[in-house]
Amino acid sequence: MKIDWRQAEARDAEILSTDGDSCTVLLGAGGGGISLPQIKGTKERYLTGDVEVLEEHSTAMMFRCFLPGQEKENLFMRFGILPQFKTRICLDLDLLDNRTIFTNRTPGTLKLVVHGQRTQRDEVERFELGMDEMFHDVKVRFENFIMSDTMPEEFPVPSKKLVDEFGQWMGKEWPGKIHSREELKEKYQALEGKAEYPFPEWNVWGGDKTRKLKEGTGFFSTCKTPDGRWHLTDPEGCDYFSLGPCGTRAGEWGRIDSFENCCEWLPEEDAQYAEFFEEGSRRRTAYMPMDHYRMANFSGMNLKKIYGDDWKEKWEEISCHILMNNGINSQGNFPGIAVNNGRSKMAYVRELPDFPVTDTLIFRDFPDVLSPEYEGKSRIYAEKLEEWKHDPWLIGYFLRNEPEFNFVENLAIADEVLRNPAQTFCRKGLIAFLKERYVTIEALNQAWKTDFGSFAALEGPVADCSARYPGSRKDIREFSGRLITEYIRVPSVACRKVDPNHLNLGLRWSKAYNADMMKGWEYFDVFSINCYDFDPTRDMDFVKNAGVDLPILLGEYHCGALDRGLTATGLKGVANQEERGVMWRYFVEKVAAHPYGVAAHWFQYNDQFCLGRYDGENYQIGMVDVCMQPYPELMDAVYETSKVLYQVKNGEKQPCGRKPQPIPMIGY
């Protein structure tokens, strides 16, 4: 079915022109959109068409699904589009079932995510195509939209040069942009030098040697002082606040499949650059289809142009010089500078790979945690710690990163156990729990206001149990907490048996808003959350007030601006580079001032590739750009915070009070 744009209805938007096949619209900064009434009542699976953002920056586009009477969408798909680059999109309406947050990329697009609540397509009153909130109105052109039961065979990508030989965006100029190899060489050489901390009270670990809190164990540890403050301690027993970026690798790999003609220089046939190209297939999570990719690393190629075969050693030297000399003492998750190889200068955290999944999953990536399979795979998973367990530079390990089931707000995993038709061990455990509590089905029916004929009725799928039967909510929540506890307990116990030396840093929850996700904390040494807010206090207080009595590590935060070489800000946007520095100071010092705060890890060391990393993120979030040039405004702020870090941590100085000037994010 062809979409006739003359039937579209504007909301916080102005339709500038339309001929039926196409439509040019000015979308309002508040997140405007145009509804597509033709979709209602259709059965075709895919909405396909061409989108062109007629601005100089990327845009986070939105496909919203509203139920009757809703002012806020019940579910949305958010996806990124490059500027002035006509892109074919394909939206799968089957994803309204909310079975995934992520999808694989199609040629030309950036990242696509699905957020909200499971939605029945035939209950949707309004389907709307528009954009996320923006700092100005945005002009967009839509054309050739159809509904179909098949994905398009072709995703045409314009043959337009977007990336120069250094991996920089060609669409604009900015201070510090590199224009020649000679200039690149000069900039690199200016960054060479000895790596050392600039503060005399810091020891080799980056701890404060004037604040010894306990006897050293030879490994990083934790300590709660009489004033109620939690601390990390370094191997010598000194107060240690972990501060640094995630992803300390030699550049950010980016997708080039379908973008080959958009790159000014891709020396794939040159053997000396072979290590900077990769082709393969991957399955992002156990429940997603395989994805074929081709990737390149421009940062690595830039280094090799100047340093030849010694590029890795020079990258390590320059990175340590940039970070340590500005007061960075840690590598966050995904570390890459001299990790567990006898040459370490900076402490690090890392994620234990391949978190155990079972053949049958409950919902998204949540395993059948009561099964013998989960316990067996957890033992195998924990064995990977054997190679790290003697490294004193390892602070601790994360069990995994951002469980995807947790992206559904207020999710009760026991609801999903009942909804899933599989005869899982979790289902058997839930039925046993209810039998023990109620003894008879009549007693359960009276409490839940249901009419099940027997407990055996719960062996079949029961959709939306706690919503349909409010009387069940207390039991569903309680058992959900038990399942989360097992999700944590089983691999944590296995890991402790293999490695008694290092800290279990938890799961890096994507957000602290669901009390169920605070369960099982007693199996951690440190509680970790990622927090994309300007002020982390609310999330940290949520954890503390939920009864978690542990140090809190902030595993990710960032912001970006549009005044340098990329077209998207990331998950927090600010007005310019100076405001990125303000955000660093405000966020980190808020963490340090919190009585439970012990670490803040910026995401990430490198800017992302301007055409998107493996999943399509293309954010200006680095401490360094693709040519490894530090952002001076950010690094100045890093130094100023580190200079007072331990005084703020111990309540001797107030945290920085200046708030950053935000703009709506361009992120997906």
# chains A, B, ... in the order shown; residues from 1 in each chain; ligands from 1
call {"tool": "residues_around", "arguments": {"residues": "region 141-154 of chain A", "least_positions_apart": "6", "cutoff": "10 Å", "atoms": "only C-alpha atoms", "output": "PyMOL selection string"}}
result
chain A and resi 1-5+15-26+38-39+42-54+84+86-92+106-107+129
call {"tool": "select_by_dssp", "arguments": {"residues": "region 132-190 of chain A", "states": "strand (DSSP E or B)", "output": "VMD selection string"}}
result
chain A and resid 138 to 148 163 169
call {"tool": "write_last_selection", "arguments": {"atoms": "all heavy atoms", "output": "compact mmCIF listing (two decimals), in the first residue's frame"}}
result
# COMPACT_ATOMS: atom_id res chain seq x y z
N VAL A 138 13.10 21.69 12.59
CA VAL A 138 13.92 20.93 11.65
C VAL A 138 13.11 20.62 10.40
O VAL A 138 11.97 20.14 10.48
CB VAL A 138 14.42 19.62 12.30
CG1 VAL A 138 15.06 18.70 11.27
CG2 VAL A 138 15.42 19.92 13.42
N LYS A 139 13.72 20.87 9.26
CA LYS A 139 13.07 20.60 7.98
C LYS A 139 13.47 19.20 7.49
O LYS A 139 14.66 18.86 7.45
CB LYS A 139 13.46 21.64 6.93
CG LYS A 139 12.67 21.54 5.62
CD LYS A 139 13.13 22.57 4.60
CE LYS A 139 12.77 23.98 5.03
NZ LYS A 139 13.08 24.97 3.96
N VAL A 140 12.47 18.40 7.14
CA VAL A 140 12.68 17.02 6.72
C VAL A 140 11.82 16.74 5.49
O VAL A 140 10.70 17.26 5.37
CB VAL A 140 12.30 16.03 7.86
CG1 VAL A 140 12.53 14.59 7.41
CG2 VAL A 140 13.10 16.31 9.12
N ARG A 141 12.34 15.91 4.62
CA ARG A 141 11.58 15.50 3.43
C ARG A 141 11.34 13.99 3.49
O ARG A 141 12.28 13.20 3.70
CB ARG A 141 12.35 15.85 2.15
CG ARG A 141 11.63 15.47 0.86
CD ARG A 141 12.40 15.97 -0.37
NE ARG A 141 11.80 15.50 -1.61
CZ ARG A 141 10.75 16.07 -2.20
NH1 ARG A 141 10.19 17.14 -1.64
NH2 ARG A 141 10.27 15.60 -3.34
N PHE A 142 10.08 13.58 3.34
CA PHE A 142 9.68 12.18 3.27
C PHE A 142 9.19 11.88 1.86
O PHE A 142 8.45 12.68 1.28
CB PHE A 142 8.55 11.88 4.26
CG PHE A 142 8.86 12.19 5.69
CD1 PHE A 142 8.22 13.24 6.34
CD2 PHE A 142 9.77 11.44 6.41
CE1 PHE A 142 8.48 13.54 7.67
CE2 PHE A 142 10.05 11.72 7.74
CZ PHE A 142 9.41 12.78 8.37
N GLU A 143 9.55 10.72 1.32
CA GLU A 143 9.02 10.36 0.01
C GLU A 143 9.05 8.85 -0.20
O GLU A 143 9.78 8.12 0.48
CB GLU A 143 9.79 11.06 -1.11
CG GLU A 143 11.27 10.79 -1.17
CD GLU A 143 11.94 11.59 -2.30
OE1 GLU A 143 11.30 11.82 -3.35
OE2 GLU A 143 13.09 12.00 -2.11
N ASN A 144 8.20 8.41 -1.12
CA ASN A 144 8.15 7.00 -1.56
C ASN A 144 7.87 6.04 -0.41
O ASN A 144 8.47 4.97 -0.32
CB ASN A 144 9.46 6.60 -2.25
CG ASN A 144 9.80 7.50 -3.43
OD1 ASN A 144 8.92 7.89 -4.19
ND2 ASN A 144 11.07 7.85 -3.57
N PHE A 145 6.92 6.38 0.46
CA PHE A 145 6.59 5.51 1.59
C PHE A 145 5.51 4.51 1.20
O PHE A 145 4.52 4.87 0.55
CB PHE A 145 6.12 6.34 2.79
CG PHE A 145 7.24 6.74 3.71
CD1 PHE A 145 8.19 7.68 3.31
CD2 PHE A 145 7.37 6.18 4.96
CE1 PHE A 145 9.23 8.05 4.14
CE2 PHE A 145 8.40 6.53 5.81
CZ PHE A 145 9.34 7.47 5.41
N ILE A 146 5.74 3.26 1.60
CA ILE A 146 4.77 2.20 1.34
C ILE A 146 4.66 1.28 2.56
O ILE A 146 5.57 1.24 3.39
CB ILE A 146 5.15 1.35 0.11
CG1 ILE A 146 6.50 0.64 0.34
CG2 ILE A 146 5.18 2.18 -1.16
CD1 ILE A 146 6.81 -0.43 -0.70
N MET A 147 3.55 0.57 2.65
CA MET A 147 3.40 -0.55 3.57
C MET A 147 3.56 -1.83 2.77
O MET A 147 3.01 -1.96 1.66
CB MET A 147 2.04 -0.52 4.24
CG MET A 147 1.81 0.64 5.19
SD MET A 147 2.85 0.56 6.67
CE MET A 147 2.34 -1.00 7.37
N SER A 148 4.31 -2.80 3.33
CA SER A 148 4.60 -4.02 2.58
C SER A 148 4.81 -5.17 3.55
O SER A 148 5.14 -4.95 4.72
CB SER A 148 5.85 -3.82 1.72
OG SER A 148 6.28 -5.03 1.14
N VAL A 163 33.46 11.69 4.57
CA VAL A 163 34.56 11.43 5.51
C VAL A 163 35.89 11.64 4.80
O VAL A 163 36.11 11.05 3.73
CB VAL A 163 34.47 9.99 6.06
CG1 VAL A 163 35.59 9.75 7.07
CG2 VAL A 163 33.12 9.74 6.70
N TRP A 169 34.65 14.40 9.64
CA TRP A 169 33.47 14.83 8.90
C TRP A 169 33.86 15.97 7.96
O TRP A 169 34.49 16.94 8.37
CB TRP A 169 32.40 15.28 9.88
CG TRP A 169 31.10 15.70 9.28
CD1 TRP A 169 30.62 16.96 9.16
CD2 TRP A 169 30.10 14.83 8.72
NE1 TRP A 169 29.38 16.94 8.56
CE2 TRP A 169 29.04 15.65 8.28
CE3 TRP A 169 30.01 13.46 8.55
CZ2 TRP A 169 27.88 15.13 7.68
CZ3 TRP A 169 28.87 12.93 7.96
CH2 TRP A 169 27.82 13.76 7.53
call {"tool": "closest_atom_pairs", "arguments": {"of": "region 513-618 of chain A", "to": "region 386-406 of chain A", "cutoff": "10 Å", "atoms": "only C-alpha atoms", "output": "JSON lines"}}
result
{"residue": "A:Tyr513", "atom": "CA", "partner": "A:Asn406", "partner_atom": "CA", "distance": 9.6}
{"residue": "A:Asn514", "atom": "CA", "partner": "A:Asn406", "partner_atom": "CA", "distance": 8.3}
{"residue": "A:Asp516", "atom": "CA", "partner": "A:Asn406", "partner_atom": "CA", "distance": 9.8}
{"residue": "A:Met517", "atom": "CA", "partner": "A:Asn406", "partner_atom": "CA", "distance": 7.9}
{"residue": "A:Phe524", "atom": "CA", "partner": "A:Phe398", "partner_atom": "CA", "distance": 9.7}
{"residue": "A:Asp525", "atom": "CA", "partner": "A:Gly396", "partner_atom": "CA", "distance": 9.1}
{"residue": "A:Val526", "atom": "CA", "partner": "A:Gly396", "partner_atom": "CA", "distance": 9.1}
{"residue": "A:Phe527", "atom": "CA", "partner": "A:Phe398", "partner_atom": "CA", "distance": 9.7}
{"residue": "A:Ser528", "atom": "CA", "partner": "A:Phe398", "partner_atom": "CA", "distance": 8.3}
{"residue": "A:Ile529", "atom": "CA", "partner": "A:Glu402", "partner_atom": "CA", "distance": 8.5}
{"residue": "A:Asn530", "atom": "CA", "partner": "A:Glu402", "partner_atom": "CA", "distance": 8.0}
{"residue": "A:Gly555", "atom": "CA", "partner": "A:Asn401", "partner_atom": "CA", "distance": 9.2}
call {"tool": "residues_around", "arguments": {"residues": "Thr285 (chain A)", "least_positions_apart": "3", "cutoff": "9 Å", "atoms": "only C-alpha atoms", "output": "list of chain:residue names"}}
result
A:Arg282, A:Met288, A:Pro289, A:Arg364, A:Asp365
call {"tool": "closest_residue", "arguments": {"among": "A:Gln117, A:Ser258, A:Gln7, A:Gln168", "to": "Asp464 (chain A)", "atoms": "only C-alpha atoms"}}
result
A:Gln117
call {"tool": "select_by_dssp", "arguments": {"residues": "region 175-329 of chain A", "states": "helix (DSSP H, G or I)", "output": "PyMOL selection string"}}
result
chain A and resi 181-190+260-262+271-276+298-324
call {"tool": "residues_around", "arguments": {"residues": "Lys590 (chain A)", "least_positions_apart": "3", "cutoff": "8 Å", "atoms": "only C-alpha atoms", "output": "list in words"}}
result
Asp535, Pro536, Thr537, Tyr586, Phe587, Ala593, His594, Pro655 and Cys656 of chain A
call {"tool": "closest_residue", "arguments": {"among": "A:Gln70, A:Gln608, A:Asn650, A:Thr358", "to": "His231 (chain A)", "atoms": "only C-alpha atoms"}}
result
A:Asn650
call {"tool": "residues_around", "arguments": {"residues": "region 213-229 of chain A", "least_positions_apart": "2", "cutoff": "7 Å", "atoms": "only C-alpha atoms", "output": "count of residues only"}}
result
17
call {"tool": "atom_distance", "arguments": {"atom1": "CA of Gly547 (chain A)", "atom2": "CA of Gly520 (chain A)"}}
result
11.0 Å
call {"tool": "atom_distance", "arguments": {"atom1": "CA of Glu409 (chain A)", "atom2": "CA of Cys531 (chain A)"}}
result
15.2 Å
call {"tool": "atom_distance", "arguments": {"atom1": "CA of Tyr557 (chain A)", "atom2": "CA of Asp533 (chain A)"}}
result
7.4 Å
call {"tool": "residues_around", "arguments": {"residues": "Tyr614 (chain A)", "least_positions_apart": "4", "cutoff": "10 Å", "atoms": "only C-alpha atoms", "output": "list in words"}}
result
Asn104, Arg105, Leu110, Lys111, Glu252, Trp253, Gly254, Arg255, Ile256, Arg284, Asp291, Tyr293, Arg294, Met295, Phe609 and Asn618 of chain A
